[in-house]
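*Asks:* work-v3.cif is the file, holding mmCIF, C-alpha atoms:
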data_my_file
#
loop_
_atom_site.group_PDB
_atom_site.id
_atom_site.type_symbol
_atom_site.label_atom_id
_atom_site.label_comp_id
_atom_site.auth_asym_id
_atom_site.auth_seq_id
_atom_site.Cartn_x
_atom_site.Cartn_y
_atom_site.Cartn_z
ATOM 1 C CA MET G 27 15.668 30.399 -9.139
ATOM 2 C CA ILE G 28 14.767 32.219 -5.963
ATOM 3 C CA SER G 29 17.471 33.115 -3.460
ATOM 4 C CA ALA G 30 17.763 32.164 0.184
ATOM 5 C CA LEU G 31 17.282 35.852 0.985
ATOM 6 C CA ASP G 32 13.963 35.842 -0.914
ATOM 7 C CA VAL G 33 12.808 32.930 1.248
ATOM 8 C CA ALA G 34 14.053 34.668 4.402
ATOM 9 C CA LYS G 35 12.102 37.817 3.555
ATOM 10 C CA LEU G 36 8.987 35.756 2.900
ATOM 11 C CA PHE G 37 9.327 34.072 6.305
ATOM 12 C CA LEU G 38 9.755 37.511 7.899
ATOM 13 C CA LYS G 39 6.642 38.783 6.129
ATOM 14 C CA TRP G 40 4.640 35.862 7.507
ATOM 15 C CA ALA G 41 6.114 36.294 10.984
ATOM 16 C CA TYR G 42 5.050 39.956 11.013
ATOM 17 C CA ARG G 43 1.597 38.928 9.775
ATOM 18 C CA ASP G 44 1.263 36.360 12.566
ATOM 19 C CA GLY G 45 2.786 38.415 15.373
ATOM 20 C CA ASP G 46 5.858 36.172 15.561
ATOM 21 C CA VAL G 47 9.502 37.182 15.614
ATOM 22 C CA ILE G 48 12.485 35.573 13.926
ATOM 23 C CA THR G 49 16.103 36.034 14.975
ATOM 24 C CA ASN G 50 19.007 35.368 12.642
ATOM 25 C CA LEU G 51 19.698 32.111 14.475
ATOM 26 C CA LYS G 52 16.142 30.903 13.961
ATOM 27 C CA MET G 53 16.093 32.116 10.358
ATOM 28 C CA GLN G 54 19.073 29.927 9.546
ATOM 29 C CA LYS G 55 17.283 26.819 10.743
ATOM 30 C CA LEU G 56 14.057 27.736 8.908
ATOM 31 C CA LEU G 57 16.038 28.108 5.680
ATOM 32 C CA TYR G 58 17.813 24.808 6.288
ATOM 33 C CA TYR G 59 14.559 22.919 6.786
ATOM 34 C CA ALA G 60 12.984 24.625 3.774
ATOM 35 C CA GLN G 61 15.901 23.483 1.622
ATOM 36 C CA ALA G 62 15.894 19.986 3.121
ATOM 37 C CA TRP G 63 12.205 19.322 2.597
ATOM 38 C CA HIS G 64 12.239 20.918 -0.853
ATOM 39 C CA LEU G 65 14.919 18.410 -1.850
ATOM 40 C CA VAL G 66 12.745 15.591 -0.528
ATOM 41 C CA TYR G 67 9.434 16.650 -2.083
ATOM 42 C CA PHE G 68 10.582 18.278 -5.331
ATOM 43 C CA ASP G 69 13.965 16.590 -5.923
ATOM 44 C CA LYS G 70 15.643 19.938 -6.575
ATOM 45 C CA LEU G 71 17.171 22.845 -4.706
ATOM 46 C CA LEU G 72 14.908 25.592 -3.428
ATOM 47 C CA PHE G 73 17.811 28.060 -3.569
ATOM 48 C CA ASP G 74 21.351 27.731 -4.857
ATOM 49 C CA GLU G 75 23.368 28.959 -1.868
ATOM 50 C CA ASN G 76 25.414 26.490 0.165
ATOM 51 C CA ILE G 77 24.420 25.659 3.718
ATOM 52 C CA LYS G 78 27.348 25.520 6.115
ATOM 53 C CA ALA G 79 27.742 23.509 9.327
ATOM 54 C CA TRP G 80 28.573 26.149 11.941
ATOM 55 C CA ASP G 81 28.745 25.893 15.726
ATOM 56 C CA PHE G 82 25.056 26.662 16.213
ATOM 57 C CA GLY G 83 23.831 24.488 13.380
ATOM 58 C CA PRO G 84 23.210 24.970 9.663
ATOM 59 C CA VAL G 85 23.748 28.466 8.237
ATOM 60 C CA VAL G 86 23.305 30.152 4.860
ATOM 61 C CA PRO G 87 26.240 32.591 5.093
ATOM 62 C CA SER G 88 24.792 35.212 2.713
ATOM 63 C CA VAL G 89 21.608 35.524 4.779
ATOM 64 C CA TYR G 90 23.526 35.419 8.046
ATOM 65 C CA THR G 91 25.643 38.341 6.843
ATOM 66 C CA GLU G 92 22.564 40.258 5.655
ATOM 67 C CA TYR G 93 20.980 40.112 9.131
ATOM 68 C CA LYS G 94 24.130 39.996 11.278
ATOM 69 C CA GLU G 95 23.530 43.544 12.551
ATOM 70 C CA PHE G 96 20.495 42.317 14.521
ATOM 71 C CA GLY G 97 22.613 40.016 16.680
ATOM 72 C CA ALA G 98 20.333 37.882 18.850
ATOM 73 C CA ASN G 99 17.444 40.344 18.480
ATOM 74 C CA PRO G 100 14.472 39.823 16.161
ATOM 75 C CA ILE G 101 15.041 40.814 12.546
ATOM 76 C CA ILE G 102 12.983 43.907 11.767
ATOM 77 C CA ILE G 103 12.974 45.058 8.147
ATOM 78 C CA ASP G 104 10.550 46.510 5.641
ATOM 79 C CA VAL G 105 9.256 43.709 3.424
ATOM 80 C CA ASP G 106 7.998 44.401 -0.080
ATOM 81 C CA SER G 107 4.273 43.668 -0.243
ATOM 82 C CA SER G 108 4.709 42.086 -3.708
ATOM 83 C CA LEU G 109 7.360 39.635 -2.452
ATOM 84 C CA GLU G 110 5.082 36.627 -2.898
ATOM 85 C CA ASP G 111 4.983 37.336 -6.657
ATOM 86 C CA LEU G 112 8.506 35.862 -6.864
ATOM 87 C CA PHE G 113 7.156 32.424 -5.946
ATOM 88 C CA ASN G 114 4.852 30.075 -7.820
ATOM 89 C CA GLN G 115 1.781 28.754 -6.000
ATOM 90 C CA ASP G 116 3.261 25.309 -5.282
ATOM 91 C CA THR G 117 6.356 26.859 -3.731
ATOM 92 C CA LEU G 118 4.281 29.276 -1.643
ATOM 93 C CA GLU G 119 2.137 26.437 -0.315
ATOM 94 C CA PHE G 120 5.213 24.341 0.394
ATOM 95 C CA LEU G 121 6.972 27.199 2.226
ATOM 96 C CA GLU G 122 3.833 27.985 4.223
ATOM 97 C CA ALA G 123 3.802 24.358 5.398
ATOM 98 C CA VAL G 124 7.492 24.442 6.361
ATOM 99 C CA TYR G 125 7.007 27.761 8.122
ATOM 100 C CA GLY G 126 3.958 26.415 9.972
ATOM 101 C CA ASN G 127 5.826 23.307 11.097
ATOM 102 C CA TYR G 128 8.934 25.060 12.395
ATOM 103 C CA ILE G 129 7.982 28.588 13.505
ATOM 104 C CA LYS G 130 6.621 27.229 16.793
ATOM 105 C CA TYR G 131 10.093 26.117 17.901
ATOM 106 C CA SER G 132 12.532 28.463 19.582
ATOM 107 C CA ALA G 133 15.856 29.124 17.918
ATOM 108 C CA HIS G 134 17.601 27.058 20.575
ATOM 109 C CA ASP G 135 15.169 24.157 20.123
ATOM 110 C CA LEU G 136 15.984 24.185 16.416
ATOM 111 C CA VAL G 137 19.719 24.284 17.155
ATOM 112 C CA ASN G 138 19.327 21.264 19.404
ATOM 113 C CA ILE G 139 17.288 19.402 16.805
ATOM 114 C CA THR G 140 19.806 20.025 14.007
ATOM 115 C CA HIS G 141 22.684 19.086 16.320
ATOM 116 C CA ASN G 142 21.115 15.641 16.666
ATOM 117 C CA GLU G 143 20.628 15.057 12.957
ATOM 118 C CA ARG G 144 23.124 13.312 10.696
ATOM 119 C CA PRO G 145 23.679 16.038 8.048
ATOM 120 C CA TRP G 146 25.018 18.551 10.590
ATOM 121 C CA ILE G 147 26.817 15.924 12.703
ATOM 122 C CA GLU G 148 28.713 14.523 9.716
ATOM 123 C CA SER G 149 29.527 17.960 8.284
ATOM 124 C CA TYR G 150 30.523 19.871 11.404
ATOM 125 C CA LYS G 151 34.158 20.301 12.354
ATOM 126 C CA GLU G 152 34.922 22.849 15.067
ATOM 127 C CA GLY G 153 36.579 25.964 13.706
ATOM 128 C CA GLU G 154 35.730 25.113 10.096
ATOM 129 C CA SER G 155 32.969 26.220 7.755
ATOM 130 C CA ASN G 156 32.061 22.997 5.959
ATOM 131 C CA THR G 157 29.265 22.782 3.432
ATOM 132 C CA ILE G 158 26.488 20.356 4.296
ATOM 133 C CA ASN G 159 26.179 18.128 1.242
ATOM 134 C CA CYS G 160 22.731 18.357 -0.383
ATOM 135 C CA ASP G 161 22.738 14.645 -1.245
ATOM 136 C CA LEU G 162 23.266 13.851 2.443
ATOM 137 C CA ILE G 163 20.443 16.235 3.379
ATOM 138 C CA LYS G 164 18.065 14.675 0.848
ATOM 139 C CA GLU G 165 18.978 11.123 1.863
ATOM 140 C CA TYR G 166 18.545 11.820 5.583
ATOM 141 C CA TYR G 167 15.187 13.600 5.372
ATOM 142 C CA THR G 168 13.799 11.171 2.800
ATOM 143 C CA LYS G 169 14.576 8.321 5.200
ATOM 144 C CA LEU G 170 13.074 10.338 8.073
ATOM 145 C CA LEU G 171 9.877 10.866 6.078
ATOM 146 C CA ASN G 172 9.699 7.208 5.062
ATOM 147 C CA ASP G 173 10.275 6.063 8.647
ATOM 148 C CA THR G 174 7.461 8.284 9.957
ATOM 149 C CA GLN G 175 5.048 6.997 7.310
ATOM 150 C CA LYS G 176 5.485 3.350 8.289
#
Could the structure of this file be written out as C-alpha coordinates, please?
*Replies:*
Amino acid sequence: MISALDVAKLFLKWAYRDGDVITNLKMQKLLYYAQAWHLVYFDKLLFDENIKAWDFGPVVPSVYTEYKEFGANPIIIDVDSSLEDLFNQDTLEFLEAVYGNYIKYSAHDLVNITHNERPWIESYKEGESNTINCDLIKEYYTKLLNDTQK
(Lines of atoms letter the chains of each structure in order from A and count residues from 1; the text may use other names and numbers.)
(Lines give C-alpha, C1' and ligand atoms only; values in the text may rest on other atoms or scores of the structure.)
Protein backbone atom coordinates (compact mmCIF):
# COMPACT_ATOMS: atom_id res chain seq x y z
CA MET A 1 0.00 0.00 0.00
CA ILE A 2 1.19 3.50 -0.72
CA SER A 3 1.65 5.97 2.12
CA ALA A 4 0.05 9.36 2.62
CA LEU A 5 3.52 10.85 2.18
CA ASP A 6 3.82 9.17 -1.25
CA VAL A 7 0.54 10.82 -2.27
CA ALA A 8 1.69 14.16 -0.85
CA LYS A 9 4.92 14.02 -2.86
CA LEU A 10 2.97 13.17 -6.00
CA PHE A 11 0.70 16.18 -5.46
CA LEU A 12 3.79 18.36 -4.95
CA LYS A 13 5.32 17.03 -8.16
CA TRP A 14 2.18 17.95 -10.08
CA ALA A 15 1.98 21.36 -8.41
CA TYR A 16 5.56 22.12 -9.48
CA ARG A 17 4.74 20.91 -12.99
CA ASP A 18 1.69 23.20 -13.16
CA GLY A 19 3.22 26.24 -11.49
CA ASP A 20 1.02 25.85 -8.41
CA VAL A 21 2.04 25.88 -4.77
CA ILE A 22 0.81 23.76 -1.88
CA THR A 23 1.11 24.68 1.79
CA ASN A 24 0.92 22.10 4.56
CA LEU A 25 -2.61 23.27 5.36
CA LYS A 26 -3.74 22.74 1.78
CA MET A 27 -1.89 19.43 1.53
CA GLN A 28 -3.85 18.06 4.46
CA LYS A 29 -7.15 18.76 2.75
CA LEU A 30 -5.95 17.31 -0.58
CA LEU A 31 -4.97 14.10 1.21
CA TYR A 32 -8.30 13.99 3.03
CA TYR A 33 -10.29 14.31 -0.19
CA ALA A 34 -8.08 11.76 -1.94
CA GLN A 35 -8.77 9.27 0.86
CA ALA A 36 -12.48 10.10 0.94
CA TRP A 37 -13.09 9.67 -2.77
CA HIS A 38 -10.88 6.57 -2.93
CA LEU A 39 -13.13 4.99 -0.31
CA VAL A 40 -16.17 5.89 -2.40
CA TYR A 41 -14.89 4.74 -5.80
CA PHE A 42 -12.68 1.79 -4.84
CA ASP A 43 -14.18 0.71 -1.49
CA LYS A 44 -10.75 0.59 0.14
CA LEU A 45 -8.22 2.88 1.77
CA LEU A 46 -5.78 4.76 -0.43
CA PHE A 47 -3.30 4.92 2.46
CA ASP A 48 -3.34 3.40 5.92
CA GLU A 49 -2.66 6.44 8.10
CA ASN A 50 -5.43 7.87 10.27
CA ILE A 51 -6.91 11.26 9.48
CA LYS A 52 -7.45 13.42 12.54
CA ALA A 53 -10.02 16.18 13.11
CA TRP A 54 -7.89 19.19 14.09
CA ASP A 55 -8.84 22.85 14.47
CA PHE A 56 -8.21 23.67 10.82
CA GLY A 57 -9.85 20.56 9.44
CA PRO A 58 -8.70 17.03 8.61
CA VAL A 59 -4.99 16.25 9.06
CA VAL A 60 -2.72 13.27 8.42
CA PRO A 61 -0.33 13.78 11.36
CA SER A 62 2.67 12.01 9.77
CA VAL A 63 2.55 14.27 6.71
CA TYR A 64 1.87 17.35 8.81
CA THR A 65 4.99 16.59 10.85
CA GLU A 66 7.06 15.95 7.70
CA TYR A 67 6.26 19.42 6.32
CA LYS A 68 5.79 21.33 9.59
CA GLU A 69 9.03 23.27 9.05
CA PHE A 70 7.43 25.15 6.14
CA GLY A 71 4.80 26.72 8.38
CA ALA A 72 2.27 28.59 6.23
CA ASN A 73 4.72 28.84 3.32
CA PRO A 74 4.60 26.63 0.22
CA ILE A 75 6.24 23.23 0.58
CA ILE A 76 9.40 23.15 -1.52
CA ILE A 77 11.20 19.81 -1.74
CA ASP A 78 13.06 17.75 -4.30
CA VAL A 79 10.70 15.13 -5.72
CA ASP A 80 12.00 11.89 -7.17
CA SER A 81 11.27 11.80 -10.90
CA SER A 82 10.35 8.09 -10.66
CA LEU A 83 7.75 8.72 -7.93
CA GLU A 84 4.84 7.86 -10.23
CA ASP A 85 6.23 4.30 -10.54
CA LEU A 86 4.86 3.63 -7.03
CA PHE A 87 1.30 3.98 -8.32
CA ASN A 88 -0.69 1.83 -10.72
CA GLN A 89 -2.36 3.55 -13.68
CA ASP A 90 -5.86 3.53 -12.16
CA THR A 91 -4.59 5.17 -8.98
CA LEU A 92 -2.62 7.78 -10.94
CA GLU A 93 -5.68 8.68 -13.00
CA PHE A 94 -7.83 8.82 -9.89
CA LEU A 95 -5.34 11.04 -8.03
CA GLU A 96 -4.97 13.32 -11.05
CA ALA A 97 -8.75 13.81 -11.01
CA VAL A 98 -8.80 14.57 -7.27
CA TYR A 99 -5.87 16.93 -7.66
CA GLY A 100 -7.57 18.67 -10.60
CA ASN A 101 -10.81 19.10 -8.67
CA TYR A 102 -9.29 20.52 -5.49
CA ILE A 103 -6.03 22.31 -6.39
CA LYS A 104 -7.99 25.37 -7.56
CA TYR A 105 -9.24 26.06 -4.03
CA SER A 106 -7.22 28.00 -1.50
CA ALA A 107 -6.22 26.31 1.72
CA HIS A 108 -8.72 28.44 3.62
CA ASP A 109 -11.52 27.59 1.17
CA LEU A 110 -10.80 23.92 1.78
CA VAL A 111 -10.79 24.45 5.55
CA ASN A 112 -14.18 26.13 5.29
CA ILE A 113 -15.56 23.35 3.11
CA THR A 114 -14.40 20.57 5.46
CA HIS A 115 -15.71 22.51 8.47
CA ASN A 116 -19.18 22.30 6.93
CA GLU A 117 -19.08 18.58 6.23
CA ARG A 118 -20.35 15.91 8.60
CA PRO A 119 -17.17 13.78 9.00
CA TRP A 120 -15.15 16.66 10.48
CA ILE A 121 -18.10 18.15 12.40
CA GLU A 122 -18.91 14.86 14.12
CA SER A 123 -15.26 14.04 14.85
CA TYR A 124 -13.94 17.40 16.02
CA LYS A 125 -13.65 18.21 19.70
CA GLU A 126 -11.63 21.30 20.61
CA GLY A 127 -8.30 20.44 22.18
CA GLU A 128 -8.48 16.79 21.13
CA SER A 129 -7.00 14.85 18.24
CA ASN A 130 -9.85 12.55 17.24
CA THR A 131 -9.63 10.18 14.30
CA ILE A 132 -12.21 10.74 11.58
CA ASN A 133 -13.84 7.35 11.11
CA CYS A 134 -13.36 5.98 7.57
CA ASP A 135 -16.85 4.45 7.54
CA LEU A 136 -18.30 7.90 8.27
CA ILE A 137 -16.16 9.41 5.50
CA LYS A 138 -17.26 6.77 2.99
CA GLU A 139 -20.93 7.06 3.97
CA TYR A 140 -20.93 10.87 3.74
CA TYR A 141 -19.18 11.17 0.38
CA THR A 142 -21.12 8.28 -1.15
CA LYS A 143 -24.35 10.07 -0.23
CA LEU A 144 -22.91 13.34 -1.57
CA LEU A 145 -22.07 11.66 -4.88
CA ASN A 146 -25.48 10.00 -5.11
CA ASP A 147 -27.25 13.27 -4.33
CA THR A 148 -25.35 15.12 -7.07
CA GLN A 149 -26.15 12.42 -9.62
CA LYS A 150 -29.91 12.69 -9.13
*Asks:* I'd like to see the residues matched by the PyMOL selection byres ((chain G and resi 54) around 8) on this file, and ideally I'd get them as a PyMOL selection string.
*Replies:* chain G and resi 50-53+55-58+84-86+89-90
*Asks:* What lies within 9 Å of stretch 99-106 of chain G using only C-alpha atoms, ignoring chain neighbours under 2 positions off, as an NGL selection string?
*Replies:* :G and (35-36 or 38-39 or 42 or 47-50 or 93 or 95-97 or 108-110)
*Asks:* Take the residues from that selection and write them out as an mmCIF file, keeping the file's coordinate frame, keeping C-alpha atoms.
*Replies:*
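result10.cif, freshly written:
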data_model
loop_
_atom_site.group_PDB
_atom_site.id
_atom_site.type_symbol
_atom_site.label_atom_id
_atom_site.label_comp_id
_atom_site.auth_asym_id
_atom_site.auth_seq_id
_atom_site.Cartn_x
_atom_site.Cartn_y
_atom_site.Cartn_z
ATOM 1 C CA LYS G 35 12.102 37.817 3.555
ATOM 2 C CA LEU G 36 8.987 35.756 2.900
ATOM 3 C CA LEU G 38 9.755 37.511 7.899
ATOM 4 C CA LYS G 39 6.642 38.783 6.129
ATOM 5 C CA TYR G 42 5.050 39.956 11.013
ATOM 6 C CA VAL G 47 9.502 37.182 15.614
ATOM 7 C CA ILE G 48 12.485 35.573 13.926
ATOM 8 C CA THR G 49 16.103 36.034 14.975
ATOM 9 C CA ASN G 50 19.007 35.368 12.642
ATOM 10 C CA TYR G 93 20.980 40.112 9.131
ATOM 11 C CA GLU G 95 23.530 43.544 12.551
ATOM 12 C CA PHE G 96 20.495 42.317 14.521
ATOM 13 C CA GLY G 97 22.613 40.016 16.680
ATOM 14 C CA SER G 108 4.709 42.086 -3.708
ATOM 15 C CA LEU G 109 7.360 39.635 -2.452
ATOM 16 C CA GLU G 110 5.082 36.627 -2.898
#
*Asks:* What does the distance between atom CA of G:His134 and atom CA of G:Ile147 come to in Å, to one decimal place?
*Replies:* 16.5 Å
*Asks:* Kindly resolve the PyMOL selection byres ((chain G and resi 159-163) around 12) on the present coordinates and return the residues as number ranges by chain.
*Replies:* G: 58-66, 69-79, 84, 140, 143-150, 156-158, 164-170
*Asks:* Calculate how many Å separate atom CA of G:Ala133 from atom CA of G:Phe113, rounding to one decimal.
*Replies:*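 So the answer is 25.6 Å.
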*Asks:* In terms of the shortest atom-to-atom distance over all atoms listed in the file, which of G:Phe82, G:Tyr125, G:Tyr131, G:Phe37 is closest to G:Ser155?
*Replies:* G:Phe82
*Asks:* Out of G:Ile139, G:Gly83, G:Leu112, G:Asp44, which residue has the shortest atom-to-atom distance to G:Leu31 when counting all atoms listed in the file?
*Replies:*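 Looking at the shortest contact to G:Leu31, the residue is G:Leu112.
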*Asks:* What is the atom CA of G:Ala98-atom CA of G:Ile28 distance in Å, reported with one decimal?
*Replies:*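 Atom CA of G:Ile28 lies 26.1 Å from atom CA of G:Ala98.
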*Asks:* Which of these residues is nearest to G:Glu92, using all atoms listed in the file: G:Ala34, G:Asn172, G:Asp46, G:Asp116?
*Replies:*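 Between G:Ala34, G:Asn172, G:Asp46, G:Asp116, the residue approaching G:Glu92 most closely is G:Ala34.
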*Asks:* Select, from G:Thr91, G:Thr174, G:Thr117, G:Ser107, the residue with the minimum atom-to-atom distance to G:Phe68, counting all atoms listed in the file.
*Replies:*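 Between G:Thr91, G:Thr174, G:Thr117, G:Ser107, the residue approaching G:Phe68 most closely is G:Thr117.
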